[in-house]
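S.K.: If it helps, the file is called final.cif and holds mmCIF, C-alpha atoms and all ligand atoms:
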```cif
data_model
loop_
_atom_site.group_PDB
_atom_site.id
_atom_site.type_symbol
_atom_site.label_atom_id
_atom_site.label_comp_id
_atom_site.auth_asym_id
_atom_site.auth_seq_id
_atom_site.Cartn_x
_atom_site.Cartn_y
_atom_site.Cartn_z
ATOM 1 C CA MET X 1 3.546 -9.261 -6.748
ATOM 2 C CA LEU X 2 0.912 -6.557 -6.723
ATOM 3 C CA LEU X 3 -1.006 -5.402 -3.713
ATOM 4 C CA LYS X 4 -3.744 -2.860 -3.426
ATOM 5 C CA ILE X 5 -5.240 -1.414 -0.276
ATOM 6 C CA LEU X 6 -8.979 -1.617 -0.892
ATOM 7 C CA GLY X 7 -9.961 -0.177 2.487
ATOM 8 C CA ALA X 8 -7.559 1.503 4.906
ATOM 9 C CA ALA X 9 -10.027 2.299 7.696
ATOM 10 C CA ALA X 10 -10.846 0.087 10.677
ATOM 11 C CA GLY X 11 -14.398 -1.116 11.392
ATOM 12 C CA GLY X 12 -16.924 1.689 10.887
ATOM 13 C CA GLY X 13 -14.949 3.348 8.081
ATOM 14 C CA LEU X 14 -14.264 7.077 7.775
ATOM 15 C CA PRO X 15 -16.656 8.722 8.395
ATOM 16 C CA GLN X 16 -18.499 6.232 10.583
ATOM 17 C CA TRP X 17 -22.281 6.596 10.317
ATOM 18 C CA ASN X 18 -22.841 7.518 13.973
ATOM 19 C CA CYS X 19 -19.658 9.428 14.738
ATOM 20 C CA GLY X 20 -18.802 13.112 14.897
ATOM 21 C CA CYS X 21 -15.166 12.854 16.027
ATOM 22 C CA PRO X 22 -12.713 15.288 14.384
ATOM 23 C CA GLY X 23 -11.649 12.732 11.718
ATOM 24 C CA CYS X 24 -15.221 11.801 10.802
ATOM 25 C CA GLN X 25 -16.204 15.495 10.647
ATOM 26 C CA ALA X 26 -13.210 16.326 8.430
ATOM 27 C CA ALA X 27 -14.148 13.503 6.042
ATOM 28 C CA ARG X 28 -17.780 14.601 6.013
ATOM 29 C CA GLU X 29 -16.807 18.182 5.221
ATOM 30 C CA GLY X 30 -14.537 17.104 2.368
ATOM 31 C CA GLN X 31 -11.284 18.184 4.074
ATOM 32 C CA ILE X 32 -9.894 14.635 3.936
ATOM 33 C CA SER X 33 -10.785 11.649 1.770
ATOM 34 C CA PRO X 34 -13.267 9.138 3.137
ATOM 35 C CA LEU X 35 -11.950 5.605 3.653
ATOM 36 C CA THR X 36 -13.682 2.261 3.369
ATOM 37 C CA GLN X 37 -13.214 -0.630 5.781
ATOM 38 C CA SER X 38 -10.190 -2.860 6.158
ATOM 39 C CA SER X 39 -9.319 -5.025 3.160
ATOM 40 C CA ILE X 40 -6.510 -5.587 0.676
ATOM 41 C CA ALA X 41 -6.118 -7.420 -2.618
ATOM 42 C CA VAL X 42 -2.931 -9.287 -3.550
ATOM 43 C CA ARG X 43 -1.822 -11.128 -6.649
ATOM 44 C CA ALA X 44 1.175 -12.765 -8.262
ATOM 45 C CA GLN X 45 2.361 -10.934 -11.394
ATOM 46 C CA ALA X 46 0.570 -13.432 -13.603
ATOM 47 C CA GLY X 47 -2.068 -14.612 -11.151
ATOM 48 C CA PRO X 48 -5.623 -13.593 -10.273
ATOM 49 C CA TRP X 49 -6.476 -11.201 -7.426
ATOM 50 C CA LEU X 50 -6.995 -12.650 -3.967
ATOM 51 C CA LEU X 51 -9.178 -10.712 -1.578
ATOM 52 C CA VAL X 52 -7.764 -10.558 1.925
ATOM 53 C CA ASN X 53 -10.642 -9.858 4.301
ATOM 54 C CA ALA X 54 -14.188 -9.240 3.112
ATOM 55 C CA SER X 55 -15.293 -5.889 4.494
ATOM 56 C CA PRO X 56 -18.880 -4.600 4.514
ATOM 57 C CA ASP X 57 -17.663 -2.251 1.728
ATOM 58 C CA VAL X 58 -16.579 -5.107 -0.554
ATOM 59 C CA ARG X 59 -19.085 -4.197 -3.268
ATOM 60 C CA SER X 60 -17.501 -0.825 -4.044
ATOM 61 C CA GLN X 61 -14.012 -2.183 -3.318
ATOM 62 C CA LEU X 62 -14.289 -4.903 -5.969
ATOM 63 C CA GLU X 63 -15.224 -2.277 -8.534
ATOM 64 C CA ARG X 64 -11.595 -1.133 -8.276
ATOM 65 C CA LEU X 65 -10.446 -4.575 -9.438
ATOM 66 C CA ARG X 66 -12.908 -5.224 -12.231
ATOM 67 C CA GLU X 67 -11.259 -5.030 -15.617
ATOM 68 C CA ARG X 68 -12.806 -3.367 -18.632
ATOM 69 C CA GLY X 69 -14.140 -5.953 -21.014
ATOM 70 C CA ALA X 70 -14.501 -8.635 -18.329
ATOM 71 C CA PRO X 71 -17.117 -11.290 -19.250
ATOM 72 C CA MET X 72 -20.692 -10.401 -18.359
ATOM 73 C CA ARG X 73 -20.782 -12.568 -15.241
ATOM 74 C CA SER X 74 -17.313 -12.893 -13.772
ATOM 75 C CA SER X 75 -15.509 -12.364 -10.526
ATOM 76 C CA ALA X 76 -12.412 -10.191 -10.143
ATOM 77 C CA ILE X 77 -11.154 -12.428 -7.323
ATOM 78 C CA ALA X 78 -10.162 -16.092 -7.222
ATOM 79 C CA GLY X 79 -10.494 -16.479 -3.462
ATOM 80 C CA VAL X 80 -10.986 -14.826 -0.096
ATOM 81 C CA LEU X 81 -8.396 -15.104 2.675
ATOM 82 C CA LEU X 82 -9.592 -14.224 6.180
ATOM 83 C CA THR X 83 -7.177 -13.149 8.908
ATOM 84 C CA ASP X 84 -9.846 -13.240 11.633
ATOM 85 C CA ALA X 85 -13.596 -13.489 12.186
ATOM 86 C CA GLU X 86 -14.247 -9.854 13.133
ATOM 87 C CA ILE X 87 -17.368 -8.340 11.586
ATOM 88 C CA ASP X 88 -15.373 -5.691 9.691
ATOM 89 C CA HIS X 89 -13.332 -8.444 7.997
ATOM 90 C CA THR X 90 -16.134 -10.895 7.250
ATOM 91 C CA ALA X 91 -19.539 -9.218 6.819
ATOM 92 C CA GLY X 92 -18.676 -8.699 3.144
ATOM 93 C CA LEU X 93 -18.961 -12.446 2.536
ATOM 94 C CA MET X 94 -22.728 -11.963 2.549
ATOM 95 C CA ILE X 95 -22.387 -9.372 -0.232
ATOM 96 C CA LEU X 96 -20.549 -11.959 -2.358
ATOM 97 C CA ARG X 97 -23.510 -14.380 -2.366
ATOM 98 C CA GLU X 98 -24.243 -13.647 -6.047
ATOM 99 C CA SER X 99 -21.041 -15.490 -7.019
ATOM 100 C CA GLU X 100 -21.583 -17.966 -9.869
ATOM 101 C CA GLN X 101 -19.158 -20.414 -8.235
ATOM 102 C CA PRO X 102 -18.748 -21.488 -4.621
ATOM 103 C CA LEU X 103 -16.526 -18.942 -2.833
ATOM 104 C CA GLU X 104 -12.998 -20.193 -2.197
ATOM 105 C CA VAL X 105 -12.431 -19.199 1.438
ATOM 106 C CA TYR X 106 -9.144 -19.677 3.326
ATOM 107 C CA SER X 107 -8.971 -19.177 7.104
ATOM 108 C CA PRO X 108 -7.967 -20.726 10.409
ATOM 109 C CA ALA X 109 -10.425 -23.314 11.808
ATOM 110 C CA THR X 110 -11.351 -20.932 14.642
ATOM 111 C CA VAL X 111 -12.569 -18.416 12.096
ATOM 112 C CA LYS X 112 -14.534 -21.055 10.195
ATOM 113 C CA GLN X 113 -16.210 -22.141 13.418
ATOM 114 C CA ALA X 114 -17.105 -18.561 14.384
ATOM 115 C CA LEU X 115 -18.523 -17.937 10.907
ATOM 116 C CA THR X 116 -20.593 -21.117 11.129
ATOM 117 C CA GLU X 117 -21.969 -20.612 14.654
ATOM 118 C CA GLY X 118 -21.610 -17.176 16.302
ATOM 119 C CA PHE X 119 -21.968 -15.170 13.066
ATOM 120 C CA PRO X 120 -23.113 -17.918 10.692
ATOM 121 C CA VAL X 121 -22.378 -16.287 7.355
ATOM 122 C CA LEU X 122 -20.709 -19.423 5.938
ATOM 123 C CA ARG X 123 -23.754 -21.488 6.885
ATOM 124 C CA THR X 124 -26.046 -18.891 5.317
ATOM 125 C CA LEU X 125 -24.067 -18.934 2.070
ATOM 126 C CA THR X 126 -24.622 -22.676 1.670
ATOM 127 C CA ASN X 127 -27.952 -22.023 -0.017
ATOM 128 C CA TYR X 128 -26.598 -19.165 -2.159
ATOM 129 C CA CYS X 129 -23.216 -19.599 -3.879
ATOM 130 C CA GLY X 130 -21.807 -22.154 -1.426
ATOM 131 C CA VAL X 131 -18.302 -22.118 0.021
ATOM 132 C CA ASN X 132 -15.186 -24.259 -0.492
ATOM 133 C CA TRP X 133 -13.171 -23.827 2.676
ATOM 134 C CA THR X 134 -9.418 -24.429 2.979
ATOM 135 C CA ALA X 135 -7.508 -24.293 6.269
ATOM 136 C CA LEU X 136 -4.910 -21.576 6.746
ATOM 137 C CA GLU X 137 -3.416 -22.328 10.161
ATOM 138 C CA PRO X 138 -0.669 -20.340 11.879
ATOM 139 C CA GLY X 139 2.687 -22.024 11.343
ATOM 140 C CA THR X 140 1.722 -23.449 7.948
ATOM 141 C CA THR X 141 2.635 -22.495 4.403
ATOM 142 C CA SER X 142 0.219 -22.816 1.486
ATOM 143 C CA ARG X 143 0.483 -22.304 -2.232
ATOM 144 C CA ILE X 144 -2.423 -20.144 -3.380
ATOM 145 C CA PHE X 145 -2.737 -19.042 -7.017
ATOM 146 C CA GLY X 146 0.979 -18.484 -7.648
ATOM 147 C CA LEU X 147 1.827 -17.103 -4.208
ATOM 148 C CA THR X 148 3.433 -18.823 -1.242
ATOM 149 C CA VAL X 149 1.384 -17.805 1.774
ATOM 150 C CA GLU X 150 2.692 -18.227 5.285
ATOM 151 C CA ALA X 151 0.222 -17.798 8.151
ATOM 152 C CA PHE X 152 1.425 -16.748 11.596
ATOM 153 C CA SER X 153 -0.317 -16.196 14.892
ATOM 154 C CA LEU X 154 -1.213 -12.617 15.797
ATOM 155 C CA SER X 155 -3.853 -12.704 18.505
ATOM 156 C CA LYS X 156 -5.836 -14.999 20.757
ATOM 157 C CA LYS X 157 -8.610 -12.449 21.230
ATOM 158 C CA PRO X 158 -11.931 -13.869 19.988
ATOM 159 C CA PRO X 159 -14.437 -11.542 18.281
ATOM 160 C CA LYS X 160 -16.875 -9.852 20.677
ATOM 161 C CA TYR X 161 -19.775 -12.091 19.576
ATOM 162 C CA GLU X 162 -17.869 -15.235 20.637
ATOM 163 C CA GLN X 163 -17.926 -15.232 24.434
ATOM 164 C CA VAL X 164 -15.134 -17.804 24.882
ATOM 165 C CA GLU X 165 -11.768 -17.987 26.606
ATOM 166 C CA PRO X 166 -8.928 -16.350 24.641
ATOM 167 C CA ASP X 167 -6.927 -19.570 24.351
ATOM 168 C CA ARG X 168 -6.884 -20.219 20.611
ATOM 169 C CA ASP X 169 -5.478 -18.455 17.577
ATOM 170 C CA TRP X 170 -8.263 -16.088 16.537
ATOM 171 C CA ALA X 171 -6.263 -13.753 14.351
ATOM 172 C CA ILE X 172 -3.432 -14.507 11.987
ATOM 173 C CA GLY X 173 -1.110 -12.419 9.873
ATOM 174 C CA LEU X 174 0.040 -13.429 6.398
ATOM 175 C CA THR X 175 3.376 -13.301 4.599
ATOM 176 C CA PHE X 176 3.095 -13.499 0.796
ATOM 177 C CA ARG X 177 6.045 -14.495 -1.384
ATOM 178 C CA GLU X 178 6.350 -14.678 -5.126
ATOM 179 C CA ASP X 179 8.982 -16.965 -6.698
ATOM 180 C CA THR X 180 10.395 -14.064 -8.683
ATOM 181 C CA GLY X 181 10.950 -12.094 -5.457
ATOM 182 C CA GLY X 182 8.904 -9.747 -3.343
ATOM 183 C CA VAL X 183 7.821 -10.393 0.229
ATOM 184 C CA LEU X 184 4.777 -8.760 1.747
ATOM 185 C CA THR X 185 3.661 -9.138 5.351
ATOM 186 C CA TYR X 186 0.130 -8.146 6.301
ATOM 187 C CA ALA X 187 -0.632 -7.700 10.015
ATOM 188 C CA PRO X 188 -3.870 -5.737 10.464
ATOM 189 C CA VAL X 189 -4.056 -6.716 14.148
ATOM 190 C CA LEU X 190 -0.969 -6.172 16.264
ATOM 191 C CA SER X 191 -1.319 -6.695 20.002
ATOM 192 C CA GLU X 192 2.408 -6.865 20.729
ATOM 193 C CA LEU X 193 5.617 -6.732 18.752
ATOM 194 C CA THR X 194 7.381 -9.958 19.670
ATOM 195 C CA ASN X 195 10.900 -10.839 18.535
ATOM 196 C CA SER X 196 9.605 -13.341 16.016
ATOM 197 C CA LEU X 197 7.281 -10.736 14.518
ATOM 198 C CA ARG X 198 10.099 -8.223 14.409
ATOM 199 C CA GLU X 199 12.256 -10.724 12.503
ATOM 200 C CA ARG X 200 9.415 -11.447 10.103
ATOM 201 C CA PHE X 201 8.847 -7.750 9.472
ATOM 202 C CA GLU X 202 12.552 -7.132 8.914
ATOM 203 C CA ALA X 203 12.709 -9.978 6.376
ATOM 204 C CA SER X 204 9.883 -8.434 4.311
ATOM 205 C CA ASP X 205 10.091 -5.876 1.507
ATOM 206 C CA CYS X 206 6.863 -4.250 2.582
ATOM 207 C CA ILE X 207 4.702 -4.509 5.691
ATOM 208 C CA LEU X 208 1.101 -3.439 6.109
ATOM 209 C CA VAL X 209 0.577 -2.936 9.799
ATOM 210 C CA ASP X 210 -2.149 -2.223 12.345
ATOM 211 C CA GLY X 211 -2.567 1.549 12.642
ATOM 212 C CA THR X 212 -5.875 1.371 14.540
ATOM 213 C CA PHE X 213 -5.245 3.740 17.443
ATOM 214 C CA TRP X 214 -2.799 6.474 18.379
ATOM 215 C CA ARG X 215 -3.419 6.343 22.127
ATOM 216 C CA ASN X 216 -4.352 3.492 24.419
ATOM 217 C CA ASP X 217 -7.165 5.596 25.955
ATOM 218 C CA GLU X 218 -8.270 7.156 22.635
ATOM 219 C CA LEU X 219 -11.901 6.003 22.851
ATOM 220 C CA GLN X 220 -12.161 6.840 26.553
ATOM 221 C CA ARG X 221 -10.894 10.394 26.026
ATOM 222 C CA LEU X 222 -13.518 10.970 23.335
ATOM 223 C CA GLY X 223 -16.199 9.469 25.578
ATOM 224 C CA ILE X 224 -16.910 6.758 22.966
ATOM 225 C CA SER X 225 -16.110 3.589 24.911
ATOM 226 C CA GLY X 226 -14.509 2.423 28.124
ATOM 227 C CA ARG X 227 -12.298 -0.072 26.290
ATOM 228 C CA THR X 228 -8.626 0.630 25.768
ATOM 229 C CA ALA X 229 -6.748 -0.074 22.546
ATOM 230 C CA LEU X 230 -4.834 -2.896 24.234
ATOM 231 C CA GLU X 231 -8.052 -4.428 25.574
ATOM 232 C CA MET X 232 -9.275 -4.462 21.981
ATOM 233 C CA GLY X 233 -6.074 -6.210 20.903
ATOM 234 C CA HIS X 234 -4.429 -3.229 19.185
ATOM 235 C CA LEU X 235 -1.041 -1.867 20.221
ATOM 236 C CA PRO X 236 -1.339 1.942 19.973
ATOM 237 C CA LEU X 237 1.088 3.794 17.698
ATOM 238 C CA GLY X 238 2.011 6.665 20.008
ATOM 239 C CA GLY X 239 3.989 6.891 23.234
ATOM 240 C CA SER X 240 7.446 5.642 24.150
ATOM 241 C CA ASP X 241 6.220 2.024 24.181
ATOM 242 C CA GLY X 242 3.954 2.446 21.128
ATOM 243 C CA SER X 243 4.442 0.591 17.851
ATOM 244 C CA LEU X 244 5.744 3.647 15.953
ATOM 245 C CA GLN X 245 8.964 3.774 17.993
ATOM 246 C CA GLN X 246 9.665 0.169 17.045
ATOM 247 C CA LEU X 247 8.436 0.257 13.457
ATOM 248 C CA LYS X 248 10.547 3.277 12.561
ATOM 249 C CA MET X 249 13.727 1.289 13.229
ATOM 250 C CA MET X 250 12.788 -1.352 10.652
ATOM 251 C CA PRO X 251 14.038 -1.342 7.069
ATOM 252 C CA PRO X 252 10.985 -2.407 5.024
ATOM 253 C CA ARG X 253 8.515 -0.038 3.452
ATOM 254 C CA THR X 254 5.907 0.315 6.208
ATOM 255 C CA VAL X 255 2.311 1.286 5.535
ATOM 256 C CA LEU X 256 -0.308 1.690 8.256
ATOM 257 C CA THR X 257 -3.750 0.263 7.652
ATOM 258 C CA HIS X 258 -6.932 -0.621 9.627
ATOM 259 C CA ILE X 259 -6.839 2.980 10.922
ATOM 260 C CA ASN X 260 -9.735 3.847 13.212
ATOM 261 C CA ASN X 261 -11.677 7.022 12.465
ATOM 262 C CA THR X 262 -10.704 8.423 15.886
ATOM 263 C CA ASN X 263 -6.982 8.231 15.092
ATOM 264 C CA PRO X 264 -5.582 11.766 14.706
ATOM 265 C CA ILE X 265 -3.161 10.587 11.983
ATOM 266 C CA HIS X 266 -6.068 11.005 9.545
ATOM 267 C CA LEU X 267 -5.701 14.778 9.976
ATOM 268 C CA PRO X 268 -2.845 16.047 7.766
ATOM 269 C CA ASP X 269 -1.939 18.939 10.080
ATOM 270 C CA SER X 270 -1.913 16.940 13.303
ATOM 271 C CA GLU X 271 1.224 16.490 15.360
ATOM 272 C CA GLU X 272 0.589 12.741 15.285
ATOM 273 C CA ARG X 273 0.520 12.669 11.472
ATOM 274 C CA HIS X 274 3.760 14.626 11.400
ATOM 275 C CA SER X 275 5.448 12.084 13.694
ATOM 276 C CA VAL X 276 4.374 9.219 11.437
ATOM 277 C CA THR X 277 5.711 10.964 8.347
ATOM 278 C CA ALA X 278 8.932 11.954 10.128
ATOM 279 C CA ALA X 279 9.415 8.285 11.067
ATOM 280 C CA GLY X 280 9.369 7.399 7.354
ATOM 281 C CA ILE X 281 6.122 5.499 7.741
ATOM 282 C CA GLU X 282 3.192 5.813 5.342
ATOM 283 C CA VAL X 283 -0.466 6.276 6.178
ATOM 284 C CA GLY X 284 -2.387 3.853 3.970
ATOM 285 C CA TYR X 285 -5.314 4.977 1.830
ATOM 286 C CA ASP X 286 -7.902 3.347 -0.402
ATOM 287 C CA GLY X 287 -6.442 2.540 -3.811
ATOM 288 C CA LEU X 288 -2.779 2.596 -2.765
ATOM 289 C CA THR X 289 -1.105 0.093 -5.088
ATOM 290 C CA ILE X 290 2.357 -1.338 -4.500
ATOM 291 C CA GLU X 291 4.408 -3.528 -6.812
ATOM 292 C CA LEU X 292 7.013 -5.765 -5.191
HETATM 293 C C1 LIG E 1 -11.228 -4.803 15.911
HETATM 294 O O1 LIG E 1 -10.502 -4.595 14.927
HETATM 295 O O2 LIG E 1 -10.790 -4.731 17.062
HETATM 296 C C2 LIG E 1 -12.650 -5.168 15.691
HETATM 297 O O3 LIG E 1 -12.942 -5.213 14.338
HETATM 298 C C3 LIG E 1 -13.522 -4.214 16.457
HETATM 299 C C4 LIG E 1 -14.958 -4.370 16.102
HETATM 300 O O4 LIG E 1 -15.649 -5.208 16.689
HETATM 301 O O5 LIG E 1 -15.430 -3.625 15.221
HETATM 302 MN MN MN E 2 -11.298 -4.471 12.995
HETATM 303 ZN ZN ZN E 3 -15.316 9.212 14.216
#
```
Re-express the file's structure as structure tokens.
Ligand code: MLT
Ligand code: MN
Ligand code: ZN

M.R.:
Amino acid sequence: MLLKILGAAAGGGLPQWNCGCPGCQAAREGQISPLTQSSIAVRAQAGPWLLVNASPDVRSQLERLRERGAPMRSSAIAGVLLTDAEIDHTAGLMILRESEQPLEVYSPATVKQALTEGFPVLRTLTNYCGVNWTALEPGTTSRIFGLTVEAFSLSKKPPKYEQVEPDRDWAIGLTFREDTGGVLTYAPVLSELTNSLRERFEASDCILVDGTFWRNDELQRLGISGRTALEMGHLPLGGSDGSLQQLKMMPPRTVLTHINNTNPIHLPDSEERHSVTAAGIEVGYDGLTIEL
């Protein structure tokens, strides 16, 4: 199996257009590399690429996958898997409207509904390329282009534009397996580390995990928002009850992704970055390719 991080930043990217936090400033001044928004590509050794989440930066991200000598009109991806209906994971669907074929989209039914009503990108695409939708519900296993894909529940938090009770599965994680070996678990949203998630992580060769925030009050301290990391559905990395303390005990190769621009781990000299590295955990970046 091959996986490539196409975008390692959370919504907004690094730098974010309206932000002057230390990470955004460092990226703007060329001290650290800019990062595009949350997305990965995965494929079986002999299979086509699958896009997992369609970020607003999908246009430049797909350039990384396009092969030299590809036919004049052709797509580098065979399908799009969506882990949730957040804008940073779905706005890119609109960019894919030039597709010659209907887009093959896989997601939970909640996500399909949100993308048909609250943020009706799937409805809009009907009159462009069209969409073939396939359900990807938590607790089910699907065979998708040479990979066995297991969906599991990650969060019941609906996207902000859907003002509904948090009583359904709004975000899933995905475990990819190839028959020849190699197990990848992708969990870009982590609100708590339950025992079943811990077991799933430990049974994987590589995990790509939510690295959104360092502190629970990160946005409050910067005067950006009153919402805490946990209120936004993201378990912060730092602190004695943060995800880093738990992740560092786990055997698989662990790479952080969906990293918000405010997270001090972007800064190579920060104490926070040093603790991540000392824990044997990697900070994801655009273009990072892993073979399993
Ligand atoms: C999230 O990851 O919590 C969301 O994408 C936040 C947002 O609305 O941008
Ligand atoms: Mn997000
Ligand atoms: Zn910023």

S.K.: Dump as JSON lines the rows for residues of chain X within 8 Å of ligand LIG 1 (chain E): closest atom pair and distance in Å with one decimal, all atoms listed in the file counted, ordered by chain and rising residue number.

M.R.:
```
{"residue": "X:Ala10", "atom": "CA", "partner": "E:LIG1", "partner_atom": "O1", "distance": 6.3}
{"residue": "X:Gly11", "atom": "CA", "partner": "E:LIG1", "partner_atom": "O5", "distance": 4.7}
{"residue": "X:Gly12", "atom": "CA", "partner": "E:LIG1", "partner_atom": "O5", "distance": 7.0}
{"residue": "X:Glu86", "atom": "CA", "partner": "E:LIG1", "partner_atom": "O3", "distance": 5.0}
{"residue": "X:Ile87", "atom": "CA", "partner": "E:LIG1", "partner_atom": "O3", "distance": 6.1}
{"residue": "X:Asp88", "atom": "CA", "partner": "E:LIG1", "partner_atom": "O3", "distance": 5.3}
{"residue": "X:His89", "atom": "CA", "partner": "E:LIG1", "partner_atom": "O3", "distance": 7.1}
{"residue": "X:Pro159", "atom": "CA", "partner": "E:LIG1", "partner_atom": "O4", "distance": 6.6}
{"residue": "X:Lys160", "atom": "CA", "partner": "E:LIG1", "partner_atom": "O4", "distance": 6.2}
{"residue": "X:Val189", "atom": "CA", "partner": "E:LIG1", "partner_atom": "O1", "distance": 6.8}
{"residue": "X:Thr212", "atom": "CA", "partner": "E:LIG1", "partner_atom": "O1", "distance": 7.6}
{"residue": "X:Met232", "atom": "CA", "partner": "E:LIG1", "partner_atom": "O2", "distance": 5.2}
{"residue": "X:Gly233", "atom": "CA", "partner": "E:LIG1", "partner_atom": "O2", "distance": 6.3}
{"residue": "X:His234", "atom": "CA", "partner": "E:LIG1", "partner_atom": "O2", "distance": 6.9}
{"residue": "X:His258", "atom": "CA", "partner": "E:LIG1", "partner_atom": "O1", "distance": 7.5}
```

S.K.: Once the PyMOL selection byres (((not hetatm)) within 12 of (chain E and resi 3)) has been evaluated on this model, what residues remain selected, and can you format them as an MDAnalysis selection string?

M.R.: chainID X and resid 9:28 34:35 213 218:219 222:224 259:264 266:267

S.K.: Could you list, as a ChimeraX atom specification, every residue matched by the PyMOL selection byres (((chain X and resi 55) around 7) and not hetatm) in this structure?

M.R.: /X:37-39,53-54,56-58,88-92

S.K.: Of the candidates X:Arg200, X:Arg66, X:Lys157, X:Arg43, which one gets nearest to ligand MN 2 (chain E) if we count only C-alpha atoms and all ligand atoms?

M.R.: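 Of X:Arg200, X:Arg66, X:Lys157, X:Arg43, the one nearest ligand MN 2 (chain E), counting only C-alpha atoms and all ligand atoms, is X:Lys157.
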
S.K.: So that I can check the surroundings of Gln163 in chain X, please list as a list in words every protein, DNA and RNA residue that reaches within 12 Å of it, counting all atoms listed in the file and ignoring chain neighbours fewer than 5 positions away.

M.R.: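 My reading of the contact set: Ala114, Glu117, Gly118, Lys157 and Pro158 of chain X.
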
S.K.: Find the distance between CA of Leu256 in chain X and CA of Val209 in chain X and write it in Å to one decimal.

M.R.: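 A separation of 5.0 Å between them.
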
S.K.: Using all atoms listed in the file, pick whichever of X:Pro120, X:Leu190, X:Lys4, X:Gly181 has the shortest atom-to-atom distance to ligand MN 2 (chain E).

M.R.: X:Leu190

S.K.: Rounded to one decimal, what separation in Å do you get between CA of Gly238 in chain X and CA of Asp169 in chain X?

M.R.: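 A separation of 26.3 Å between them.
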
S.K.: Quick check on the file I pasted: which residues fall under the PyMOL selection byres (((chain X and resi 49) around 9) and not hetatm)? Write them as a VMD selection string.

M.R.: chain X and resid 2 to 3 41 to 44 47 to 48 50 to 51 65 76 to 79 145

S.K.: For ligand MN 2 (chain E), which of X:Thr257, X:Gln45, X:Gln113, X:Ser142 is the closest residue, counting all atoms listed in the file?

M.R.: X:Thr257

S.K.: When you count all atoms listed in the file, which of these residues is closest to ligand MN 2 (chain E): X:Arg215, X:Ala187, X:Asn127, X:Glu98?

M.R.: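 Checking each of X:Arg215, X:Ala187, X:Asn127, X:Glu98 against ligand MN 2 (chain E), counting all atoms listed in the file, the winner is X:Ala187.
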
S.K.: When you draw a straight line from CA of Thr83 in chain X to CA of Ser107 in chain X, how long is it in Å?

M.R.: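 Interatomic distance here is 6.5 Å.
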
S.K.: Determine the nearest neighbour of ligand MN 2 (chain E) from the options X:Ser240, X:Thr277, X:Thr36, X:Gln31, counting only C-alpha atoms and all ligand atoms.

M.R.: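 Among the listed residues, X:Thr36 lies closest to ligand MN 2 (chain E).
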
S.K.: Could you check which of X:Arg143, X:Arg97, X:Arg64, X:Arg177 is closest to Val121 in chain X, using all atoms listed in the file?

M.R.: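 Checking each candidate against Val121 in chain X, we get X:Arg97 as the closest.
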